[in-house]
file work_20.cif (mmCIF, N, CA and C atoms)
data_model
#
loop_
_atom_site.label_atom_id
_atom_site.label_comp_id
_atom_site.auth_asym_id
_atom_site.auth_seq_id
_atom_site.Cartn_x
_atom_site.Cartn_y
_atom_site.Cartn_z
N MET P 1319 0.83 -1.18 0.00
CA MET P 1319 0.00 0.00 0.00
C MET P 1319 0.88 1.25 0.00
N THR P 1320 0.45 2.24 -0.74
CA THR P 1320 1.13 3.51 -0.83
C THR P 1320 0.40 4.52 0.06
N PRO P 1321 1.13 5.28 0.87
CA PRO P 1321 0.43 6.24 1.73
C PRO P 1321 -0.19 7.38 0.93
N TRP P 1322 -1.15 8.06 1.56
CA TRP P 1322 -1.73 9.25 0.96
C TRP P 1322 -0.63 10.30 0.82
N THR P 1323 -0.65 11.08 -0.23
CA THR P 1323 0.23 12.23 -0.33
C THR P 1323 -0.39 13.37 0.48
N ALA P 1324 0.41 14.35 0.81
CA ALA P 1324 -0.11 15.51 1.55
C ALA P 1324 -1.20 16.20 0.73
N ASP P 1325 -1.02 16.29 -0.59
CA ASP P 1325 -2.01 16.92 -1.45
C ASP P 1325 -3.32 16.13 -1.46
N GLU P 1326 -3.23 14.81 -1.56
CA GLU P 1326 -4.45 13.98 -1.54
C GLU P 1326 -5.20 14.13 -0.22
N LEU P 1327 -4.47 14.08 0.89
CA LEU P 1327 -5.10 14.25 2.21
C LEU P 1327 -5.82 15.59 2.30
N ALA P 1328 -5.17 16.64 1.84
CA ALA P 1328 -5.77 17.97 1.90
C ALA P 1328 -7.01 18.05 1.01
N ARG P 1329 -6.92 17.55 -0.22
CA ARG P 1329 -8.04 17.65 -1.16
C ARG P 1329 -9.23 16.81 -0.72
N ILE P 1330 -8.97 15.58 -0.28
CA ILE P 1330 -10.07 14.72 0.18
C ILE P 1330 -10.64 15.29 1.48
N GLY P 1331 -9.77 15.76 2.35
CA GLY P 1331 -10.22 16.33 3.62
C GLY P 1331 -11.11 17.55 3.45
N ARG P 1332 -10.86 18.34 2.41
CA ARG P 1332 -11.68 19.53 2.14
C ARG P 1332 -12.98 19.20 1.41
N ALA P 1333 -13.03 18.08 0.74
CA ALA P 1333 -14.21 17.72 -0.05
C ALA P 1333 -15.42 17.53 0.87
N THR P 1334 -16.55 18.07 0.48
CA THR P 1334 -17.76 17.90 1.27
C THR P 1334 -18.26 16.47 1.17
N GLU P 1335 -18.14 15.89 0.00
CA GLU P 1335 -18.63 14.53 -0.21
C GLU P 1335 -17.58 13.69 -0.93
N LEU P 1336 -17.74 12.41 -0.79
CA LEU P 1336 -16.86 11.43 -1.42
C LEU P 1336 -17.74 10.42 -2.13
N GLN P 1337 -17.29 9.93 -3.26
CA GLN P 1337 -17.96 8.84 -3.93
C GLN P 1337 -17.15 7.58 -3.68
N ILE P 1338 -17.86 6.50 -3.33
CA ILE P 1338 -17.20 5.26 -2.96
C ILE P 1338 -17.86 4.10 -3.70
N ALA P 1339 -17.04 3.18 -4.18
CA ALA P 1339 -17.55 1.99 -4.87
C ALA P 1339 -16.71 0.79 -4.42
N SER P 1340 -17.39 -0.27 -4.07
CA SER P 1340 -16.67 -1.50 -3.73
C SER P 1340 -16.48 -2.34 -4.99
N ARG P 1341 -15.56 -3.29 -4.90
CA ARG P 1341 -15.30 -4.18 -6.04
C ARG P 1341 -16.14 -5.45 -5.93
N ARG P 1342 -16.60 -5.89 -7.08
CA ARG P 1342 -17.27 -7.19 -7.17
C ARG P 1342 -16.21 -8.28 -7.22
N ARG P 1343 -16.63 -9.52 -7.10
CA ARG P 1343 -15.69 -10.65 -7.17
C ARG P 1343 -14.93 -10.71 -8.48
N ASP P 1344 -15.58 -10.25 -9.55
CA ASP P 1344 -14.91 -10.28 -10.86
C ASP P 1344 -13.96 -9.09 -11.07
N GLY P 1345 -13.84 -8.22 -10.05
CA GLY P 1345 -12.94 -7.08 -10.12
C GLY P 1345 -13.59 -5.80 -10.61
N SER P 1346 -14.78 -5.89 -11.15
CA SER P 1346 -15.46 -4.68 -11.61
C SER P 1346 -15.97 -3.88 -10.41
N LEU P 1347 -16.20 -2.61 -10.64
CA LEU P 1347 -16.69 -1.73 -9.57
C LEU P 1347 -18.20 -1.71 -9.54
N ARG P 1348 -18.74 -1.70 -8.35
CA ARG P 1348 -20.16 -1.46 -8.17
C ARG P 1348 -20.41 0.03 -8.42
N PRO P 1349 -21.67 0.44 -8.55
CA PRO P 1349 -21.95 1.87 -8.74
C PRO P 1349 -21.45 2.68 -7.53
N PHE P 1350 -20.99 3.89 -7.81
CA PHE P 1350 -20.52 4.78 -6.75
C PHE P 1350 -21.69 5.27 -5.91
N VAL P 1351 -21.45 5.40 -4.61
CA VAL P 1351 -22.39 5.94 -3.65
C VAL P 1351 -21.76 7.21 -3.07
N THR P 1352 -22.54 8.26 -2.92
CA THR P 1352 -22.04 9.53 -2.39
C THR P 1352 -22.27 9.58 -0.89
N ILE P 1353 -21.20 9.86 -0.14
CA ILE P 1353 -21.27 9.93 1.32
C ILE P 1353 -20.37 11.04 1.84
N TRP P 1354 -20.49 11.35 3.13
CA TRP P 1354 -19.60 12.29 3.78
C TRP P 1354 -18.28 11.61 4.10
N VAL P 1355 -17.23 12.42 4.19
CA VAL P 1355 -15.88 11.92 4.44
C VAL P 1355 -15.16 12.87 5.38
N VAL P 1356 -14.33 12.33 6.26
CA VAL P 1356 -13.51 13.17 7.14
C VAL P 1356 -12.07 12.69 7.14
N ARG P 1357 -11.22 13.65 7.47
CA ARG P 1357 -9.80 13.37 7.67
C ARG P 1357 -9.51 13.51 9.15
N SER P 1358 -8.76 12.58 9.68
CA SER P 1358 -8.27 12.67 11.05
C SER P 1358 -6.79 12.30 11.01
N GLY P 1359 -5.94 13.27 11.27
CA GLY P 1359 -4.50 13.03 11.14
C GLY P 1359 -4.17 12.73 9.69
N ASP P 1360 -3.47 11.62 9.48
CA ASP P 1360 -3.10 11.21 8.13
C ASP P 1360 -3.99 10.10 7.59
N ASP P 1361 -5.19 10.01 8.15
CA ASP P 1361 -6.13 8.97 7.73
C ASP P 1361 -7.43 9.58 7.23
N ILE P 1362 -8.11 8.85 6.35
CA ILE P 1362 -9.39 9.23 5.78
C ILE P 1362 -10.42 8.20 6.25
N TYR P 1363 -11.59 8.71 6.71
CA TYR P 1363 -12.62 7.84 7.24
C TYR P 1363 -13.98 8.15 6.61
N VAL P 1364 -14.79 7.11 6.51
CA VAL P 1364 -16.19 7.25 6.12
C VAL P 1364 -17.03 6.41 7.09
N ARG P 1365 -18.30 6.79 7.17
CA ARG P 1365 -19.25 6.04 7.99
C ARG P 1365 -20.56 5.91 7.25
N SER P 1366 -21.27 4.86 7.58
CA SER P 1366 -22.60 4.67 7.05
C SER P 1366 -23.60 5.41 7.94
N ALA P 1367 -24.20 6.45 7.41
CA ALA P 1367 -25.20 7.22 8.17
C ALA P 1367 -26.44 6.38 8.45
N TYR P 1368 -26.65 5.34 7.67
CA TYR P 1368 -27.84 4.51 7.84
C TYR P 1368 -27.54 3.17 8.50
N GLY P 1369 -26.41 3.09 9.17
CA GLY P 1369 -26.12 1.93 9.99
C GLY P 1369 -25.29 0.84 9.35
N HIS P 1370 -24.93 -0.08 10.18
CA HIS P 1370 -24.04 -1.18 9.84
C HIS P 1370 -24.62 -2.09 8.75
N GLU P 1371 -25.91 -2.18 8.69
CA GLU P 1371 -26.55 -3.09 7.71
C GLU P 1371 -26.79 -2.44 6.36
N ASN P 1372 -26.45 -1.17 6.20
CA ASN P 1372 -26.64 -0.48 4.94
C ASN P 1372 -25.94 -1.25 3.82
N GLY P 1373 -26.56 -1.30 2.65
CA GLY P 1373 -26.05 -2.09 1.54
C GLY P 1373 -24.63 -1.75 1.11
N TRP P 1374 -24.33 -0.46 0.89
CA TRP P 1374 -22.99 -0.12 0.42
C TRP P 1374 -21.94 -0.52 1.45
N PHE P 1375 -22.28 -0.36 2.74
CA PHE P 1375 -21.33 -0.68 3.79
C PHE P 1375 -21.07 -2.18 3.84
N GLN P 1376 -22.11 -2.98 3.76
CA GLN P 1376 -21.95 -4.43 3.78
C GLN P 1376 -21.14 -4.92 2.58
N ARG P 1377 -21.37 -4.31 1.42
CA ARG P 1377 -20.59 -4.69 0.23
C ARG P 1377 -19.12 -4.31 0.40
N ALA P 1378 -18.87 -3.15 1.01
CA ALA P 1378 -17.48 -2.74 1.26
C ALA P 1378 -16.81 -3.70 2.24
N LEU P 1379 -17.52 -4.11 3.29
CA LEU P 1379 -16.96 -5.07 4.25
C LEU P 1379 -16.63 -6.39 3.57
N SER P 1380 -17.51 -6.81 2.69
CA SER P 1380 -17.33 -8.09 2.03
C SER P 1380 -16.16 -8.06 1.04
N SER P 1381 -16.06 -7.00 0.27
CA SER P 1381 -15.03 -6.95 -0.76
C SER P 1381 -13.67 -6.51 -0.22
N ARG P 1382 -13.69 -5.64 0.78
CA ARG P 1382 -12.47 -5.09 1.41
C ARG P 1382 -11.66 -4.20 0.48
N GLU P 1383 -12.16 -3.92 -0.72
CA GLU P 1383 -11.44 -3.04 -1.63
C GLU P 1383 -12.40 -2.36 -2.58
N GLY P 1384 -11.94 -1.22 -3.11
CA GLY P 1384 -12.78 -0.47 -4.04
C GLY P 1384 -12.04 0.75 -4.55
N ARG P 1385 -12.83 1.77 -4.87
CA ARG P 1385 -12.29 3.02 -5.42
C ARG P 1385 -13.06 4.19 -4.83
N ILE P 1386 -12.35 5.29 -4.64
CA ILE P 1386 -12.99 6.51 -4.15
C ILE P 1386 -12.68 7.66 -5.09
N ARG P 1387 -13.58 8.66 -5.07
CA ARG P 1387 -13.38 9.91 -5.80
C ARG P 1387 -13.82 11.04 -4.88
N ALA P 1388 -12.93 12.04 -4.71
CA ALA P 1388 -13.27 13.22 -3.91
C ALA P 1388 -12.22 14.28 -4.13
N GLY P 1389 -12.65 15.52 -4.22
CA GLY P 1389 -11.72 16.63 -4.33
C GLY P 1389 -10.77 16.54 -5.51
N GLY P 1390 -11.19 15.88 -6.58
CA GLY P 1390 -10.33 15.72 -7.74
C GLY P 1390 -9.36 14.56 -7.63
N VAL P 1391 -9.45 13.80 -6.54
CA VAL P 1391 -8.59 12.63 -6.33
C VAL P 1391 -9.41 11.38 -6.63
N GLU P 1392 -8.84 10.46 -7.37
CA GLU P 1392 -9.47 9.15 -7.58
C GLU P 1392 -8.41 8.10 -7.32
N ARG P 1393 -8.71 7.19 -6.37
CA ARG P 1393 -7.73 6.17 -5.97
C ARG P 1393 -8.41 4.86 -5.66
N ASP P 1394 -7.70 3.79 -5.94
CA ASP P 1394 -8.10 2.48 -5.42
C ASP P 1394 -7.74 2.47 -3.95
N VAL P 1395 -8.59 1.85 -3.15
CA VAL P 1395 -8.38 1.82 -1.71
C VAL P 1395 -8.74 0.45 -1.15
N ALA P 1396 -8.21 0.21 0.03
CA ALA P 1396 -8.65 -0.93 0.85
C ALA P 1396 -9.55 -0.35 1.93
N PHE P 1397 -10.53 -1.14 2.36
CA PHE P 1397 -11.44 -0.74 3.43
C PHE P 1397 -11.04 -1.49 4.69
N GLU P 1398 -10.71 -0.75 5.74
CA GLU P 1398 -10.32 -1.35 7.01
C GLU P 1398 -11.25 -0.88 8.11
N GLU P 1399 -11.59 -1.79 9.02
CA GLU P 1399 -12.36 -1.42 10.21
C GLU P 1399 -11.34 -1.00 11.28
N PRO P 1400 -11.32 0.27 11.67
CA PRO P 1400 -10.29 0.74 12.58
C PRO P 1400 -10.53 0.43 14.05
N GLY P 1401 -11.74 0.09 14.42
CA GLY P 1401 -12.03 -0.19 15.83
C GLY P 1401 -12.38 1.07 16.61
N ALA P 1402 -12.84 0.87 17.82
CA ALA P 1402 -13.37 1.95 18.65
C ALA P 1402 -12.32 2.97 19.08
N ALA P 1403 -11.04 2.65 18.98
CA ALA P 1403 -9.99 3.57 19.42
C ALA P 1403 -10.03 4.90 18.66
N VAL P 1404 -10.60 4.92 17.45
CA VAL P 1404 -10.64 6.15 16.65
C VAL P 1404 -11.96 6.90 16.79
N ASP P 1405 -12.93 6.34 17.49
CA ASP P 1405 -14.27 6.93 17.52
C ASP P 1405 -14.29 8.39 17.95
N ALA P 1406 -13.63 8.75 19.03
CA ALA P 1406 -13.67 10.13 19.52
C ALA P 1406 -13.08 11.09 18.49
N ASP P 1407 -11.95 10.74 17.90
CA ASP P 1407 -11.32 11.61 16.91
C ASP P 1407 -12.17 11.73 15.64
N VAL P 1408 -12.75 10.63 15.20
CA VAL P 1408 -13.58 10.67 14.00
C VAL P 1408 -14.86 11.44 14.28
N ASN P 1409 -15.46 11.25 15.45
CA ASN P 1409 -16.64 12.05 15.82
C ASN P 1409 -16.30 13.53 15.79
N ALA P 1410 -15.17 13.91 16.38
CA ALA P 1410 -14.76 15.31 16.41
C ALA P 1410 -14.57 15.86 15.00
N ALA P 1411 -14.00 15.05 14.12
CA ALA P 1411 -13.80 15.48 12.74
C ALA P 1411 -15.14 15.69 12.03
N TYR P 1412 -16.10 14.79 12.25
CA TYR P 1412 -17.43 14.97 11.66
C TYR P 1412 -18.10 16.23 12.21
N HIS P 1413 -18.01 16.46 13.52
CA HIS P 1413 -18.60 17.66 14.09
C HIS P 1413 -17.96 18.92 13.51
N ALA P 1414 -16.64 18.96 13.44
CA ALA P 1414 -15.94 20.14 12.94
C ALA P 1414 -16.33 20.45 11.49
N LYS P 1415 -16.50 19.42 10.71
CA LYS P 1415 -16.75 19.61 9.28
C LYS P 1415 -18.22 19.81 8.94
N TYR P 1416 -19.10 19.13 9.65
CA TYR P 1416 -20.50 19.08 9.21
C TYR P 1416 -21.53 19.64 10.20
N ASP P 1417 -21.13 20.17 11.34
CA ASP P 1417 -22.10 20.71 12.29
C ASP P 1417 -22.99 21.79 11.69
N ARG P 1418 -22.52 22.45 10.66
CA ARG P 1418 -23.31 23.51 10.03
C ARG P 1418 -24.63 22.98 9.46
N TYR P 1419 -24.73 21.67 9.27
CA TYR P 1419 -25.96 21.08 8.75
C TYR P 1419 -26.99 20.79 9.83
N GLY P 1420 -26.62 20.98 11.08
CA GLY P 1420 -27.54 20.79 12.20
C GLY P 1420 -27.40 19.44 12.87
N PRO P 1421 -27.83 19.39 14.15
CA PRO P 1421 -27.63 18.19 14.96
C PRO P 1421 -28.38 16.95 14.45
N GLY P 1422 -29.52 17.14 13.82
CA GLY P 1422 -30.27 15.99 13.33
C GLY P 1422 -29.51 15.23 12.26
N ILE P 1423 -28.90 15.96 11.36
CA ILE P 1423 -28.16 15.33 10.27
C ILE P 1423 -26.81 14.81 10.75
N VAL P 1424 -26.09 15.64 11.49
CA VAL P 1424 -24.78 15.21 11.99
C VAL P 1424 -24.92 14.02 12.92
N GLY P 1425 -26.02 13.97 13.65
CA GLY P 1425 -26.26 12.85 14.56
C GLY P 1425 -26.25 11.50 13.88
N THR P 1426 -26.54 11.48 12.58
CA THR P 1426 -26.55 10.20 11.87
C THR P 1426 -25.15 9.63 11.67
N VAL P 1427 -24.11 10.47 11.77
CA VAL P 1427 -22.74 9.98 11.57
C VAL P 1427 -21.90 10.00 12.84
N VAL P 1428 -22.48 10.46 13.94
CA VAL P 1428 -21.73 10.44 15.21
C VAL P 1428 -22.41 9.58 16.26
N SER P 1429 -23.43 8.87 15.87
CA SER P 1429 -24.14 7.96 16.80
C SER P 1429 -23.31 6.70 17.04
N ALA P 1430 -23.68 5.97 18.06
CA ALA P 1430 -23.01 4.70 18.34
C ALA P 1430 -23.15 3.73 17.17
N GLU P 1431 -24.32 3.72 16.53
CA GLU P 1431 -24.53 2.84 15.38
C GLU P 1431 -23.63 3.24 14.22
N ALA P 1432 -23.50 4.54 13.98
CA ALA P 1432 -22.63 5.00 12.90
C ALA P 1432 -21.17 4.66 13.20
N ALA P 1433 -20.77 4.79 14.46
CA ALA P 1433 -19.40 4.47 14.83
C ALA P 1433 -19.08 3.00 14.53
N ARG P 1434 -20.08 2.14 14.67
CA ARG P 1434 -19.89 0.71 14.34
C ARG P 1434 -19.63 0.52 12.86
N SER P 1435 -20.00 1.49 12.07
CA SER P 1435 -19.85 1.37 10.61
C SER P 1435 -18.77 2.33 10.08
N THR P 1436 -17.69 2.45 10.81
CA THR P 1436 -16.57 3.30 10.41
C THR P 1436 -15.59 2.48 9.56
N LEU P 1437 -15.17 3.06 8.46
CA LEU P 1437 -14.14 2.46 7.63
C LEU P 1437 -12.99 3.45 7.44
N ARG P 1438 -11.78 2.96 7.58
CA ARG P 1438 -10.59 3.72 7.21
C ARG P 1438 -10.30 3.39 5.75
N LEU P 1439 -10.06 4.42 4.95
CA LEU P 1439 -9.74 4.23 3.54
C LEU P 1439 -8.23 4.25 3.41
N VAL P 1440 -7.67 3.15 2.97
CA VAL P 1440 -6.22 3.01 2.87
C VAL P 1440 -5.86 2.95 1.38
N PRO P 1441 -5.04 3.88 0.90
CA PRO P 1441 -4.72 3.90 -0.53
C PRO P 1441 -3.99 2.63 -0.96
N ALA P 1442 -4.37 2.14 -2.13
CA ALA P 1442 -3.75 0.92 -2.67
C ALA P 1442 -2.66 1.29 -3.66
#
call {"tool": "encode", "arguments": {"input": "work_20.cif", "output": "structure tokens"}}
result
Amino acid sequence: MTPWTADELARIGRATELQIASRRRDGSLRPFVTIWVVRSGDDIYVRSAYGHENGWFQRALSSREGRIRAGGVERDVAFEEPGAAVDADVNAAYHAKYDRYGPGIVGTVVSAEAARSTLRLVPA
């Protein structure tokens, strides 16, 4: 795996939304889904606002790889479950970036259920 460049981290981190697609078994990409994205340190994270059972999230868990597009960056990535150790930092990043949309909307990505559906995007 190749690390994110400083430019990629900055561009993805500034992007309001990210498009994410998991890979099928045959290597082709599923359709892209648009979601919110945050940067915490040198890592990029996404969460399923609609919970752990959401279709795109389950497909990402199953395939463990895909592609993302955000801020003019397009990269193949691996999907990793980072565990609860990152929850506070990722919650803070979501609040800092998206609180302007109001507590009802931000609450969908900072809830305990959303935290269960956190993925770290690791560049391939």
call {"tool": "select_by_dssp", "arguments": {"input": "work_20.cif", "residues": "stretch 1340-1395 of chain P", "states": "alpha helix (DSSP H)", "output": "PyMOL selection string"}}
result
chain P and resi 1373-1381
call {"tool": "closest_residue", "arguments": {"input": "work_20.cif", "among": "P:Tyr1363, P:Trp1322, P:Tyr1416, P:Phe1350", "to": "P:Val1404", "atoms": "only C-alpha atoms"}}
result
P:Tyr1363
call {"tool": "resolve_selection", "arguments": {"input": "work_20.cif", "expression": "the PyMOL selection byres ((chain P and resi 1337) around 8)", "output": "PyMOL selection string"}}
result
chain P and resi 1334-1336+1338-1340+1349-1355+1385-1389
call {"tool": "write_last_selection", "arguments": {"input": "work_20.cif", "atoms": "N, CA and C atoms", "output": "CSV table (one decimal), in the frame of the given file"}}
result
chain,number,residue,atom,x,y,z
P,1334,THR,N,-16.6,18.1,0.5
P,1334,THR,CA,-17.8,17.9,1.3
P,1334,THR,C,-18.3,16.5,1.2
P,1335,GLU,N,-18.1,15.9,0.0
P,1335,GLU,CA,-18.6,14.5,-0.2
P,1335,GLU,C,-17.6,13.7,-0.9
P,1336,LEU,N,-17.7,12.4,-0.8
P,1336,LEU,CA,-16.9,11.4,-1.4
P,1336,LEU,C,-17.7,10.4,-2.1
P,1338,ILE,N,-17.9,6.5,-3.3
P,1338,ILE,CA,-17.2,5.3,-3.0
P,1338,ILE,C,-17.9,4.1,-3.7
P,1339,ALA,N,-17.0,3.2,-4.2
P,1339,ALA,CA,-17.6,2.0,-4.9
P,1339,ALA,C,-16.7,0.8,-4.4
P,1340,SER,N,-17.4,-0.3,-4.1
P,1340,SER,CA,-16.7,-1.5,-3.7
P,1340,SER,C,-16.5,-2.3,-5.0
P,1349,PRO,N,-21.7,0.4,-8.6
P,1349,PRO,CA,-22.0,1.9,-8.7
P,1349,PRO,C,-21.4,2.7,-7.5
P,1350,PHE,N,-21.0,3.9,-7.8
P,1350,PHE,CA,-20.5,4.8,-6.8
P,1350,PHE,C,-21.7,5.3,-5.9
P,1351,VAL,N,-21.4,5.4,-4.6
P,1351,VAL,CA,-22.4,5.9,-3.6
P,1351,VAL,C,-21.8,7.2,-3.1
P,1352,THR,N,-22.5,8.3,-2.9
P,1352,THR,CA,-22.0,9.5,-2.4
P,1352,THR,C,-22.3,9.6,-0.9
P,1353,ILE,N,-21.2,9.9,-0.1
P,1353,ILE,CA,-21.3,9.9,1.3
P,1353,ILE,C,-20.4,11.0,1.8
P,1354,TRP,N,-20.5,11.4,3.1
P,1354,TRP,CA,-19.6,12.3,3.8
P,1354,TRP,C,-18.3,11.6,4.1
P,1355,VAL,N,-17.2,12.4,4.2
P,1355,VAL,CA,-15.9,11.9,4.4
P,1355,VAL,C,-15.2,12.9,5.4
P,1385,ARG,N,-12.8,1.8,-4.9
P,1385,ARG,CA,-12.3,3.0,-5.4
P,1385,ARG,C,-13.1,4.2,-4.8
P,1386,ILE,N,-12.4,5.3,-4.6
P,1386,ILE,CA,-13.0,6.5,-4.2
P,1386,ILE,C,-12.7,7.7,-5.1
P,1387,ARG,N,-13.6,8.7,-5.1
P,1387,ARG,CA,-13.4,9.9,-5.8
P,1387,ARG,C,-13.8,11.0,-4.9
P,1388,ALA,N,-12.9,12.0,-4.7
P,1388,ALA,CA,-13.3,13.2,-3.9
P,1388,ALA,C,-12.2,14.3,-4.1
P,1389,GLY,N,-12.6,15.5,-4.2
P,1389,GLY,CA,-11.7,16.6,-4.3
P,1389,GLY,C,-10.8,16.5,-5.5
call {"tool": "select_by_dssp", "arguments": {"input": "work_20.cif", "residues": "stretch 1336-1438 of chain P", "states": "strand (DSSP E or B)", "output": "PyMOL selection string"}}
result
chain P and resi 1336-1341+1347+1351-1358+1361-1365+1383-1388+1391-1398+1436-1438
call {"tool": "write_last_selection", "arguments": {"input": "work_20.cif", "atoms": "N, CA and C atoms", "output": "mmCIF file, keeping the file's coordinate frame"}}
result
data_model
loop_
_atom_site.group_PDB
_atom_site.id
_atom_site.type_symbol
_atom_site.label_atom_id
_atom_site.label_comp_id
_atom_site.auth_asym_id
_atom_site.auth_seq_id
_atom_site.Cartn_x
_atom_site.Cartn_y
_atom_site.Cartn_z
ATOM 1 N N LEU P 1336 -17.740 12.410 -0.790
ATOM 2 C CA LEU P 1336 -16.860 11.430 -1.420
ATOM 3 C C LEU P 1336 -17.740 10.420 -2.130
ATOM 4 N N GLN P 1337 -17.290 9.930 -3.260
ATOM 5 C CA GLN P 1337 -17.960 8.840 -3.930
ATOM 6 C C GLN P 1337 -17.150 7.580 -3.680
ATOM 7 N N ILE P 1338 -17.860 6.500 -3.330
ATOM 8 C CA ILE P 1338 -17.200 5.260 -2.960
ATOM 9 C C ILE P 1338 -17.860 4.100 -3.700
ATOM 10 N N ALA P 1339 -17.040 3.180 -4.180
ATOM 11 C CA ALA P 1339 -17.550 1.990 -4.870
ATOM 12 C C ALA P 1339 -16.710 0.790 -4.420
ATOM 13 N N SER P 1340 -17.390 -0.270 -4.070
ATOM 14 C CA SER P 1340 -16.670 -1.500 -3.730
ATOM 15 C C SER P 1340 -16.480 -2.340 -4.990
ATOM 16 N N ARG P 1341 -15.560 -3.290 -4.900
ATOM 17 C CA ARG P 1341 -15.300 -4.180 -6.040
ATOM 18 C C ARG P 1341 -16.140 -5.450 -5.930
ATOM 19 N N LEU P 1347 -16.200 -2.610 -10.640
ATOM 20 C CA LEU P 1347 -16.690 -1.730 -9.570
ATOM 21 C C LEU P 1347 -18.200 -1.710 -9.540
ATOM 22 N N VAL P 1351 -21.450 5.400 -4.610
ATOM 23 C CA VAL P 1351 -22.390 5.940 -3.650
ATOM 24 C C VAL P 1351 -21.760 7.210 -3.070
ATOM 25 N N THR P 1352 -22.540 8.260 -2.920
ATOM 26 C CA THR P 1352 -22.040 9.530 -2.390
ATOM 27 C C THR P 1352 -22.270 9.580 -0.890
ATOM 28 N N ILE P 1353 -21.200 9.860 -0.140
ATOM 29 C CA ILE P 1353 -21.270 9.930 1.320
ATOM 30 C C ILE P 1353 -20.370 11.040 1.840
ATOM 31 N N TRP P 1354 -20.490 11.350 3.130
ATOM 32 C CA TRP P 1354 -19.600 12.290 3.780
ATOM 33 C C TRP P 1354 -18.280 11.610 4.100
ATOM 34 N N VAL P 1355 -17.230 12.420 4.190
ATOM 35 C CA VAL P 1355 -15.880 11.920 4.440
ATOM 36 C C VAL P 1355 -15.160 12.870 5.380
ATOM 37 N N VAL P 1356 -14.330 12.330 6.260
ATOM 38 C CA VAL P 1356 -13.510 13.170 7.140
ATOM 39 C C VAL P 1356 -12.070 12.690 7.140
ATOM 40 N N ARG P 1357 -11.220 13.650 7.470
ATOM 41 C CA ARG P 1357 -9.800 13.370 7.670
ATOM 42 C C ARG P 1357 -9.510 13.510 9.150
ATOM 43 N N SER P 1358 -8.760 12.580 9.680
ATOM 44 C CA SER P 1358 -8.270 12.670 11.050
ATOM 45 C C SER P 1358 -6.790 12.300 11.010
ATOM 46 N N ASP P 1361 -5.190 10.010 8.150
ATOM 47 C CA ASP P 1361 -6.130 8.970 7.730
ATOM 48 C C ASP P 1361 -7.430 9.580 7.230
ATOM 49 N N ILE P 1362 -8.110 8.850 6.350
ATOM 50 C CA ILE P 1362 -9.390 9.230 5.780
ATOM 51 C C ILE P 1362 -10.420 8.200 6.250
ATOM 52 N N TYR P 1363 -11.590 8.710 6.710
ATOM 53 C CA TYR P 1363 -12.620 7.840 7.240
ATOM 54 C C TYR P 1363 -13.980 8.150 6.610
ATOM 55 N N VAL P 1364 -14.790 7.110 6.510
ATOM 56 C CA VAL P 1364 -16.190 7.250 6.120
ATOM 57 C C VAL P 1364 -17.030 6.410 7.090
ATOM 58 N N ARG P 1365 -18.300 6.790 7.170
ATOM 59 C CA ARG P 1365 -19.250 6.040 7.990
ATOM 60 C C ARG P 1365 -20.560 5.910 7.250
ATOM 61 N N GLU P 1383 -12.160 -3.920 -0.720
ATOM 62 C CA GLU P 1383 -11.440 -3.040 -1.630
ATOM 63 C C GLU P 1383 -12.400 -2.360 -2.580
ATOM 64 N N GLY P 1384 -11.940 -1.220 -3.110
ATOM 65 C CA GLY P 1384 -12.780 -0.470 -4.040
ATOM 66 C C GLY P 1384 -12.040 0.750 -4.550
ATOM 67 N N ARG P 1385 -12.830 1.770 -4.870
ATOM 68 C CA ARG P 1385 -12.290 3.020 -5.420
ATOM 69 C C ARG P 1385 -13.060 4.190 -4.830
ATOM 70 N N ILE P 1386 -12.350 5.290 -4.640
ATOM 71 C CA ILE P 1386 -12.990 6.510 -4.150
ATOM 72 C C ILE P 1386 -12.680 7.660 -5.090
ATOM 73 N N ARG P 1387 -13.580 8.660 -5.070
ATOM 74 C CA ARG P 1387 -13.380 9.910 -5.800
ATOM 75 C C ARG P 1387 -13.820 11.040 -4.880
ATOM 76 N N ALA P 1388 -12.930 12.040 -4.710
ATOM 77 C CA ALA P 1388 -13.270 13.220 -3.910
ATOM 78 C C ALA P 1388 -12.220 14.280 -4.130
ATOM 79 N N VAL P 1391 -9.450 13.800 -6.540
ATOM 80 C CA VAL P 1391 -8.590 12.630 -6.330
ATOM 81 C C VAL P 1391 -9.410 11.380 -6.630
ATOM 82 N N GLU P 1392 -8.840 10.460 -7.370
ATOM 83 C CA GLU P 1392 -9.470 9.150 -7.580
ATOM 84 C C GLU P 1392 -8.410 8.100 -7.320
ATOM 85 N N ARG P 1393 -8.710 7.190 -6.370
ATOM 86 C CA ARG P 1393 -7.730 6.170 -5.970
ATOM 87 C C ARG P 1393 -8.410 4.860 -5.660
ATOM 88 N N ASP P 1394 -7.700 3.790 -5.940
ATOM 89 C CA ASP P 1394 -8.100 2.480 -5.420
ATOM 90 C C ASP P 1394 -7.740 2.470 -3.950
ATOM 91 N N VAL P 1395 -8.590 1.850 -3.150
ATOM 92 C CA VAL P 1395 -8.380 1.820 -1.710
ATOM 93 C C VAL P 1395 -8.740 0.450 -1.150
ATOM 94 N N ALA P 1396 -8.210 0.210 0.030
ATOM 95 C CA ALA P 1396 -8.650 -0.930 0.850
ATOM 96 C C ALA P 1396 -9.550 -0.350 1.930
ATOM 97 N N PHE P 1397 -10.530 -1.140 2.360
ATOM 98 C CA PHE P 1397 -11.440 -0.740 3.430
ATOM 99 C C PHE P 1397 -11.040 -1.490 4.690
ATOM 100 N N GLU P 1398 -10.710 -0.750 5.740
ATOM 101 C CA GLU P 1398 -10.320 -1.350 7.010
ATOM 102 C C GLU P 1398 -11.250 -0.880 8.110
ATOM 103 N N THR P 1436 -17.690 2.450 10.810
ATOM 104 C CA THR P 1436 -16.570 3.300 10.410
ATOM 105 C C THR P 1436 -15.590 2.480 9.560
ATOM 106 N N LEU P 1437 -15.170 3.060 8.460
ATOM 107 C CA LEU P 1437 -14.140 2.460 7.630
ATOM 108 C C LEU P 1437 -12.990 3.450 7.440
ATOM 109 N N ARG P 1438 -11.780 2.960 7.580
ATOM 110 C CA ARG P 1438 -10.590 3.720 7.210
ATOM 111 C C ARG P 1438 -10.300 3.390 5.750
#
